[in-house]
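Below: start.cif (mmCIF, N, CA and C atoms)
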data_entry
#
loop_
_atom_site.label_atom_id
_atom_site.label_comp_id
_atom_site.auth_asym_id
_atom_site.auth_seq_id
_atom_site.Cartn_x
_atom_site.Cartn_y
_atom_site.Cartn_z
N VAL A 1413 56.23 178.01 75.11
CA VAL A 1413 56.92 177.82 76.37
C VAL A 1413 56.24 176.68 77.13
N GLN A 1414 57.05 175.85 77.77
CA GLN A 1414 56.52 174.77 78.60
C GLN A 1414 56.75 175.09 80.06
N LEU A 1415 55.76 174.75 80.90
CA LEU A 1415 55.79 175.13 82.30
C LEU A 1415 55.74 173.90 83.19
N GLN A 1416 56.51 173.95 84.27
CA GLN A 1416 56.56 172.85 85.23
C GLN A 1416 56.42 173.46 86.62
N ALA A 1417 55.28 173.18 87.26
CA ALA A 1417 55.04 173.69 88.61
C ALA A 1417 55.41 172.64 89.64
N TYR A 1418 55.98 173.08 90.75
CA TYR A 1418 56.32 172.16 91.82
C TYR A 1418 56.37 172.91 93.14
N GLY A 1419 56.46 172.15 94.22
CA GLY A 1419 56.56 172.76 95.55
C GLY A 1419 55.33 172.57 96.41
N GLY A 1420 54.30 171.94 95.86
CA GLY A 1420 53.10 171.71 96.66
C GLY A 1420 53.34 170.67 97.74
N GLY A 1421 52.34 170.51 98.59
CA GLY A 1421 52.46 169.53 99.65
C GLY A 1421 51.36 169.68 100.67
N LEU A 1422 51.56 169.02 101.81
CA LEU A 1422 50.61 169.05 102.90
C LEU A 1422 51.16 169.96 104.00
N VAL A 1423 50.35 170.89 104.45
CA VAL A 1423 50.79 171.83 105.47
C VAL A 1423 49.62 172.10 106.42
N GLN A 1424 49.94 172.41 107.66
CA GLN A 1424 48.89 172.75 108.62
C GLN A 1424 48.42 174.19 108.41
N ALA A 1425 47.21 174.45 108.82
CA ALA A 1425 46.68 175.81 108.75
C ALA A 1425 47.62 176.76 109.49
N GLY A 1426 47.84 177.91 108.87
CA GLY A 1426 48.77 178.89 109.42
C GLY A 1426 50.19 178.75 108.91
N GLY A 1427 50.45 177.65 108.23
CA GLY A 1427 51.79 177.40 107.72
C GLY A 1427 52.04 178.08 106.38
N SER A 1428 53.22 177.78 105.82
CA SER A 1428 53.65 178.41 104.58
C SER A 1428 54.15 177.37 103.58
N LEU A 1429 54.05 177.72 102.33
CA LEU A 1429 54.62 176.93 101.24
C LEU A 1429 55.08 177.90 100.17
N ARG A 1430 56.09 177.50 99.41
CA ARG A 1430 56.49 178.28 98.25
C ARG A 1430 56.41 177.39 97.02
N LEU A 1431 55.60 177.79 96.09
CA LEU A 1431 55.50 177.11 94.82
C LEU A 1431 56.45 177.75 93.82
N SER A 1432 56.96 176.93 92.94
CA SER A 1432 57.81 177.41 91.85
C SER A 1432 57.25 176.92 90.53
N CYS A 1433 57.52 177.67 89.50
CA CYS A 1433 57.11 177.27 88.15
C CYS A 1433 58.27 177.59 87.22
N ALA A 1434 58.87 176.54 86.70
CA ALA A 1434 60.01 176.69 85.81
C ALA A 1434 59.53 176.64 84.37
N ALA A 1435 60.03 177.56 83.55
CA ALA A 1435 59.63 177.65 82.16
C ALA A 1435 60.79 177.31 81.24
N SER A 1436 60.48 176.63 80.16
CA SER A 1436 61.50 176.36 79.15
C SER A 1436 61.49 177.49 78.13
N GLY A 1437 62.53 177.55 77.30
CA GLY A 1437 62.55 178.53 76.23
C GLY A 1437 63.26 179.81 76.60
N ARG A 1438 63.53 180.61 75.58
CA ARG A 1438 64.33 181.82 75.76
C ARG A 1438 63.49 183.09 75.79
N THR A 1439 62.16 182.93 75.78
CA THR A 1439 61.32 184.12 75.72
C THR A 1439 60.50 184.31 76.98
N PHE A 1440 60.91 183.69 78.07
CA PHE A 1440 60.15 183.76 79.33
C PHE A 1440 59.92 185.21 79.73
N SER A 1441 60.91 186.05 79.52
CA SER A 1441 60.80 187.45 79.98
C SER A 1441 59.76 188.25 79.20
N ARG A 1442 59.20 187.68 78.15
CA ARG A 1442 58.16 188.38 77.39
C ARG A 1442 56.76 187.94 77.78
N TYR A 1443 56.69 187.09 78.80
CA TYR A 1443 55.40 186.56 79.24
C TYR A 1443 55.01 187.10 80.60
N ALA A 1444 53.74 187.53 80.71
CA ALA A 1444 53.15 187.70 82.03
C ALA A 1444 52.88 186.30 82.57
N MET A 1445 52.99 186.16 83.88
CA MET A 1445 52.79 184.86 84.50
C MET A 1445 51.67 184.93 85.53
N GLY A 1446 50.94 183.85 85.64
CA GLY A 1446 49.85 183.83 86.60
C GLY A 1446 49.77 182.50 87.32
N TRP A 1447 49.11 182.55 88.45
CA TRP A 1447 48.78 181.33 89.20
C TRP A 1447 47.26 181.25 89.32
N PHE A 1448 46.76 180.06 89.07
CA PHE A 1448 45.35 179.76 89.25
C PHE A 1448 45.24 178.54 90.16
N ARG A 1449 44.07 178.28 90.67
CA ARG A 1449 43.88 177.09 91.49
C ARG A 1449 42.49 176.50 91.24
N GLN A 1450 42.41 175.21 91.48
CA GLN A 1450 41.15 174.52 91.28
C GLN A 1450 40.94 173.53 92.41
N ALA A 1451 39.90 173.77 93.18
CA ALA A 1451 39.51 172.86 94.25
C ALA A 1451 38.55 171.82 93.69
N PRO A 1452 38.43 170.68 94.36
CA PRO A 1452 37.53 169.63 93.87
C PRO A 1452 36.10 170.14 93.70
N GLY A 1453 35.53 169.87 92.53
CA GLY A 1453 34.15 170.27 92.27
C GLY A 1453 33.95 171.73 91.98
N LYS A 1454 35.04 172.49 91.86
CA LYS A 1454 34.93 173.93 91.61
C LYS A 1454 35.63 174.32 90.32
N GLU A 1455 35.29 175.50 89.84
CA GLU A 1455 35.94 176.04 88.66
C GLU A 1455 37.37 176.47 89.00
N ARG A 1456 38.22 176.47 87.98
CA ARG A 1456 39.56 176.99 88.17
C ARG A 1456 39.45 178.51 88.36
N GLU A 1457 40.11 179.01 89.38
CA GLU A 1457 39.99 180.42 89.71
C GLU A 1457 41.34 181.12 89.73
N PHE A 1458 41.28 182.40 89.43
CA PHE A 1458 42.47 183.24 89.42
C PHE A 1458 42.99 183.43 90.84
N VAL A 1459 44.33 183.40 90.98
CA VAL A 1459 44.96 183.66 92.27
C VAL A 1459 45.78 184.95 92.20
N THR A 1460 46.72 185.00 91.26
CA THR A 1460 47.59 186.16 91.17
C THR A 1460 48.29 186.19 89.83
N THR A 1461 48.79 187.35 89.46
CA THR A 1461 49.52 187.50 88.20
C THR A 1461 50.64 188.52 88.36
N ILE A 1462 51.66 188.40 87.52
CA ILE A 1462 52.77 189.34 87.52
C ILE A 1462 53.12 189.65 86.08
N SER A 1463 53.40 190.92 85.81
CA SER A 1463 53.72 191.32 84.45
C SER A 1463 55.10 190.80 84.03
N SER A 1464 55.38 190.88 82.75
CA SER A 1464 56.67 190.39 82.25
C SER A 1464 57.82 191.19 82.87
N SER A 1465 57.58 192.47 83.14
CA SER A 1465 58.61 193.30 83.75
C SER A 1465 58.80 192.99 85.23
N GLY A 1466 57.82 192.35 85.82
CA GLY A 1466 57.85 192.12 87.26
C GLY A 1466 57.37 193.31 88.06
N GLY A 1467 57.07 194.41 87.36
CA GLY A 1467 56.72 195.63 88.07
C GLY A 1467 55.27 195.76 88.45
N SER A 1468 54.44 194.90 87.91
CA SER A 1468 53.01 194.97 88.21
C SER A 1468 52.49 193.62 88.66
N THR A 1469 51.72 193.62 89.72
CA THR A 1469 51.13 192.40 90.23
C THR A 1469 49.67 192.66 90.58
N TYR A 1470 48.92 191.58 90.67
CA TYR A 1470 47.51 191.70 91.05
C TYR A 1470 47.12 190.42 91.76
N TYR A 1471 46.31 190.55 92.82
CA TYR A 1471 45.93 189.40 93.63
C TYR A 1471 44.42 189.30 93.77
N ALA A 1472 43.95 188.08 93.84
CA ALA A 1472 42.55 187.87 94.22
C ALA A 1472 42.37 188.33 95.66
N ASP A 1473 41.19 188.83 95.97
CA ASP A 1473 40.94 189.31 97.33
C ASP A 1473 41.17 188.22 98.37
N SER A 1474 40.89 186.99 98.00
CA SER A 1474 40.98 185.88 98.96
C SER A 1474 42.41 185.60 99.42
N VAL A 1475 43.40 186.06 98.66
CA VAL A 1475 44.79 185.77 99.01
C VAL A 1475 45.61 187.02 99.28
N LYS A 1476 45.01 188.17 99.06
CA LYS A 1476 45.74 189.43 99.22
C LYS A 1476 46.26 189.56 100.65
N GLY A 1477 47.53 189.91 100.77
CA GLY A 1477 48.14 190.05 102.07
C GLY A 1477 48.74 188.77 102.61
N ARG A 1478 48.44 187.64 101.99
CA ARG A 1478 48.98 186.35 102.44
C ARG A 1478 49.90 185.72 101.40
N PHE A 1479 49.60 185.94 100.14
CA PHE A 1479 50.39 185.35 99.05
C PHE A 1479 51.20 186.44 98.36
N THR A 1480 52.38 186.04 97.86
CA THR A 1480 53.22 186.96 97.11
C THR A 1480 53.76 186.27 95.87
N ILE A 1481 53.55 186.89 94.73
CA ILE A 1481 54.11 186.37 93.48
C ILE A 1481 55.38 187.14 93.15
N SER A 1482 56.35 186.43 92.60
CA SER A 1482 57.58 187.07 92.17
C SER A 1482 58.15 186.26 91.00
N ARG A 1483 59.13 186.82 90.33
CA ARG A 1483 59.72 186.11 89.21
C ARG A 1483 61.21 186.43 89.13
N ASP A 1484 61.93 185.49 88.55
CA ASP A 1484 63.35 185.66 88.29
C ASP A 1484 63.55 185.33 86.82
N ASN A 1485 63.64 186.35 86.00
CA ASN A 1485 63.73 186.11 84.56
C ASN A 1485 65.05 185.44 84.17
N ALA A 1486 66.07 185.64 84.96
CA ALA A 1486 67.36 184.98 84.67
C ALA A 1486 67.26 183.48 84.87
N LYS A 1487 66.34 183.05 85.73
CA LYS A 1487 66.17 181.62 86.00
C LYS A 1487 64.92 181.05 85.33
N ASN A 1488 64.22 181.88 84.57
CA ASN A 1488 62.98 181.44 83.91
C ASN A 1488 62.00 180.83 84.91
N THR A 1489 61.86 181.46 86.05
CA THR A 1489 61.04 180.89 87.11
C THR A 1489 60.14 181.95 87.73
N VAL A 1490 58.92 181.55 88.05
CA VAL A 1490 58.01 182.38 88.80
C VAL A 1490 57.68 181.66 90.10
N TYR A 1491 57.51 182.42 91.16
CA TYR A 1491 57.30 181.86 92.49
C TYR A 1491 55.97 182.33 93.06
N LEU A 1492 55.44 181.51 93.95
CA LEU A 1492 54.27 181.91 94.73
C LEU A 1492 54.53 181.57 96.18
N GLN A 1493 54.80 182.60 96.96
CA GLN A 1493 54.99 182.41 98.40
C GLN A 1493 53.64 182.50 99.07
N MET A 1494 53.27 181.45 99.78
CA MET A 1494 51.95 181.38 100.43
C MET A 1494 52.14 181.29 101.94
N ASN A 1495 51.67 182.29 102.62
CA ASN A 1495 51.75 182.34 104.07
C ASN A 1495 50.35 182.32 104.68
N SER A 1496 50.30 182.03 105.97
CA SER A 1496 49.02 182.01 106.69
C SER A 1496 47.98 181.19 105.95
N LEU A 1497 48.39 180.01 105.55
CA LEU A 1497 47.51 179.17 104.75
C LEU A 1497 46.28 178.74 105.53
N LYS A 1498 45.18 178.62 104.79
CA LYS A 1498 43.89 178.23 105.35
C LYS A 1498 43.40 176.95 104.65
N PRO A 1499 42.55 176.19 105.31
CA PRO A 1499 42.02 174.98 104.65
C PRO A 1499 41.35 175.29 103.31
N GLU A 1500 40.76 176.46 103.18
CA GLU A 1500 40.10 176.81 101.91
C GLU A 1500 41.10 177.13 100.79
N ASP A 1501 42.39 177.15 101.10
CA ASP A 1501 43.41 177.30 100.06
C ASP A 1501 43.74 175.96 99.41
N THR A 1502 43.20 174.88 99.94
CA THR A 1502 43.45 173.55 99.39
C THR A 1502 42.95 173.48 97.95
N ALA A 1503 43.85 173.10 97.05
CA ALA A 1503 43.52 173.05 95.62
C ALA A 1503 44.73 172.55 94.85
N VAL A 1504 44.51 172.28 93.59
CA VAL A 1504 45.62 172.09 92.67
C VAL A 1504 45.96 173.48 92.11
N TYR A 1505 47.22 173.83 92.21
CA TYR A 1505 47.69 175.14 91.76
C TYR A 1505 48.38 175.01 90.41
N TYR A 1506 47.97 175.87 89.49
CA TYR A 1506 48.51 175.86 88.14
C TYR A 1506 49.20 177.17 87.84
N CYS A 1507 50.36 177.10 87.20
CA CYS A 1507 50.96 178.31 86.68
C CYS A 1507 50.62 178.42 85.20
N ALA A 1508 50.61 179.64 84.71
CA ALA A 1508 50.22 179.89 83.33
C ALA A 1508 51.00 181.08 82.79
N ALA A 1509 51.16 181.12 81.47
CA ALA A 1509 51.92 182.18 80.81
C ALA A 1509 51.07 182.85 79.74
N ALA A 1510 51.13 184.19 79.72
CA ALA A 1510 50.41 184.98 78.73
C ALA A 1510 51.41 185.86 77.99
N TYR A 1511 51.46 185.75 76.69
CA TYR A 1511 52.46 186.48 75.91
C TYR A 1511 52.18 187.98 75.95
N SER A 1512 53.19 188.75 76.32
CA SER A 1512 53.03 190.20 76.46
C SER A 1512 53.66 190.97 75.32
N GLY A 1513 54.50 190.31 74.54
CA GLY A 1513 55.12 190.97 73.39
C GLY A 1513 56.52 191.48 73.65
N TYR A 1514 56.77 191.98 74.86
CA TYR A 1514 58.10 192.48 75.17
C TYR A 1514 58.32 192.37 76.68
N SER A 1515 59.58 192.45 77.07
CA SER A 1515 59.93 192.13 78.45
C SER A 1515 59.60 193.24 79.44
N GLY A 1516 59.38 194.46 78.97
CA GLY A 1516 59.10 195.55 79.89
C GLY A 1516 57.63 195.85 80.09
N SER A 1517 56.79 194.94 79.68
CA SER A 1517 55.35 195.18 79.74
C SER A 1517 54.83 195.19 81.18
N HIS A 1518 53.77 195.95 81.39
CA HIS A 1518 53.07 195.96 82.68
C HIS A 1518 51.69 195.32 82.56
N TYR A 1519 51.53 194.54 81.53
CA TYR A 1519 50.28 193.79 81.30
C TYR A 1519 50.19 192.67 82.32
N TYR A 1520 49.07 192.58 83.03
CA TYR A 1520 48.90 191.52 84.02
C TYR A 1520 47.49 190.96 83.90
N PRO A 1521 47.34 189.96 83.06
CA PRO A 1521 46.02 189.38 82.77
C PRO A 1521 45.45 188.59 83.94
N ARG A 1522 44.12 188.65 84.05
CA ARG A 1522 43.45 187.98 85.16
C ARG A 1522 42.43 186.93 84.72
N LEU A 1523 42.25 186.79 83.42
CA LEU A 1523 41.27 185.82 82.94
C LEU A 1523 41.96 184.58 82.39
N LYS A 1524 41.35 183.42 82.61
CA LYS A 1524 41.94 182.18 82.12
C LYS A 1524 42.18 182.23 80.62
N GLY A 1525 41.25 182.82 79.90
CA GLY A 1525 41.34 182.88 78.45
C GLY A 1525 42.48 183.73 77.92
N ASP A 1526 43.07 184.55 78.78
CA ASP A 1526 44.19 185.40 78.37
C ASP A 1526 45.51 184.64 78.34
N TYR A 1527 45.52 183.45 78.90
CA TYR A 1527 46.77 182.69 79.04
C TYR A 1527 46.92 181.67 77.93
N ASP A 1528 48.16 181.60 77.43
CA ASP A 1528 48.46 180.75 76.27
C ASP A 1528 48.99 179.38 76.64
N HIS A 1529 49.66 179.31 77.78
CA HIS A 1529 50.34 178.08 78.16
C HIS A 1529 50.05 177.78 79.63
N TRP A 1530 49.92 176.49 79.94
CA TRP A 1530 49.60 176.06 81.29
C TRP A 1530 50.54 174.95 81.73
N GLY A 1531 50.89 174.98 83.02
CA GLY A 1531 51.64 173.89 83.60
C GLY A 1531 50.69 172.77 84.04
N GLN A 1532 51.26 171.73 84.59
CA GLN A 1532 50.49 170.53 84.91
C GLN A 1532 49.81 170.59 86.28
N GLY A 1533 50.17 171.54 87.13
CA GLY A 1533 49.53 171.66 88.43
C GLY A 1533 50.29 170.95 89.53
N THR A 1534 50.18 171.52 90.73
CA THR A 1534 50.78 170.92 91.91
C THR A 1534 49.76 171.02 93.05
N GLN A 1535 49.62 169.95 93.80
CA GLN A 1535 48.60 169.86 94.84
C GLN A 1535 49.06 170.56 96.12
N VAL A 1536 48.19 171.40 96.64
CA VAL A 1536 48.41 172.02 97.95
C VAL A 1536 47.25 171.61 98.84
N THR A 1537 47.59 171.01 99.98
CA THR A 1537 46.57 170.59 100.93
C THR A 1537 46.87 171.23 102.28
N VAL A 1538 45.87 171.94 102.81
CA VAL A 1538 46.03 172.61 104.09
C VAL A 1538 45.08 171.95 105.09
N SER A 1539 45.66 171.38 106.13
CA SER A 1539 44.85 170.70 107.13
C SER A 1539 44.49 171.65 108.26
N SER A 1540 43.33 171.42 108.84
CA SER A 1540 42.86 172.30 109.92
C SER A 1540 43.31 171.79 111.27
#
Structure translated into structure tokens:
Amino acid sequence: VQLQAYGGGLVQAGGSLRLSCAASGRTFSRYAMGWFRQAPGKEREFVTTISSSGGSTYYADSVKGRFTISRDNAKNTVYLQMNSLKPEDTAVYYCAAAYSGYSGSHYYPRLKGDYDHWGQGTQVTVSS
């Protein structure tokens, strides 16, 4: 599966952005999807993940209550709604796909090594 992330941009602190990640192929519904981010000079870190069924999600503590992941399997797209953005959210955001085997899985991986496919990243900059 190939992934294309978009929707990043420049926003003031307290603002919102919605990232999208479009996937190619006919097996999107068998993949758990995740978002990671990488700030300059830092390691790529986990942000959130959603199972292939959409029924299970998990968030990093740093974004819990502010970010929401969702997916539309009919559109082969996963979304990341980001509210109450902070300057420390500034990073390149990457979407990633982890094969779950079937579409009803509740598997929601949180480690980079669990993911098989990565998008190219989209820049999010939050000004103070």
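Distances from A:Gln1414, A:Ser1540, A:Ser1441, A:Thr1460 to Lys1498 of chain A were compared using only N, CA and C atoms, and the smallest one belongs to A:Ser1540.
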Shell around Leu1497 of chain A at 5 Å using all atoms listed in the file, local window under 6 positions removed, as a PyMOL selection string: chain A and resi 1425-1427
Selection result of the PyMOL selection byres ((chain A and resi 1447) around 7) on this file, as a VMD selection string: chain A and resid 1445 to 1446 1448 to 1449 1457 to 1462 1505 to 1508
Chain and number of each residue from the PyMOL selection byres ((chain A and resi 1523-1531) around 6), as JSON, numbers by chain: {"A": [1415, 1416, 1417, 1506, 1507, 1508, 1509, 1510, 1511, 1521, 1522, 1532, 1533]}
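Restricting the calculation to all atoms listed in the file, the smallest distance between Gly1477 of chain A and any of A:Tyr1519, A:Leu1429, A:Ser1496, A:Ala1435 is found for A:Ser1496.
Pairwise distance (atom CA of Gly1421 of chain A, atom CA of Ala1444 of chain A) equals 25.3 Å.
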In segment 1431-1510 of chain A, DSSP strand (DSSP E or B) residues written as a ChimeraX atom specification: /A:1431-1435,1443-1450,1457-1462,1469-1471,1479-1484,1489-1494,1503-1510
Non-local contacts of Gly1467 of chain A (10 Å; only C-alpha atoms; under 6 positions in same chain excluded) as a ChimeraX atom specification: /A:1482,1516-1520
The PyMOL selection byres (((chain A and resi 1418 and name CA) around 9) and name CA) applied to the shown file, residues as a PyMOL selection string: chain A and resi 1416-1417+1419-1420+1430-1434+1533-1535
Length of the atom CA of Met1494 of chain A to atom CA of Ser1515 of chain A vector [Å]: 25.7 Å
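Using only N, CA and C atoms, the nearest neighbour of Asn1495 of chain A within the list A:Ala1472, A:Arg1478, A:Thr1537, A:Arg1483 is A:Arg1478.
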DSSP helix (DSSP H, G or I) selection over chain A, as a PyMOL selection string: chain A and resi 1440-1442+1499-1501+1524-1526
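Coordinates place atom CA of Ala1503 of chain A at a distance of 28.2 Å from atom C of Gly1437 of chain A.
Each of A:Val1413, A:Ala1451, A:Ala1486, A:Val1475 was compared to Val1504 of chain A using only N, CA and C atoms, and A:Ala1451 turns out to be the nearest.
Among A:Ser1539, A:Thr1439, A:Ser1428, A:Thr1480, the residue with the shortest atom-to-atom distance to Glu1500 of chain A, counting all atoms listed in the file, is A:Ser1539.
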Take every atom of segment 1414-1419 of chain A listed in the file, pad by 6 Å on each side, and give me the axis-aligned box centre and edge lengths in Å, one decimal, as lines of an AutoDock Vina configuration file.
center_x = 56.0
center_y = 174.0
center_z = 87.1
size_x = 14.0
size_y = 15.7
size_z = 30.6
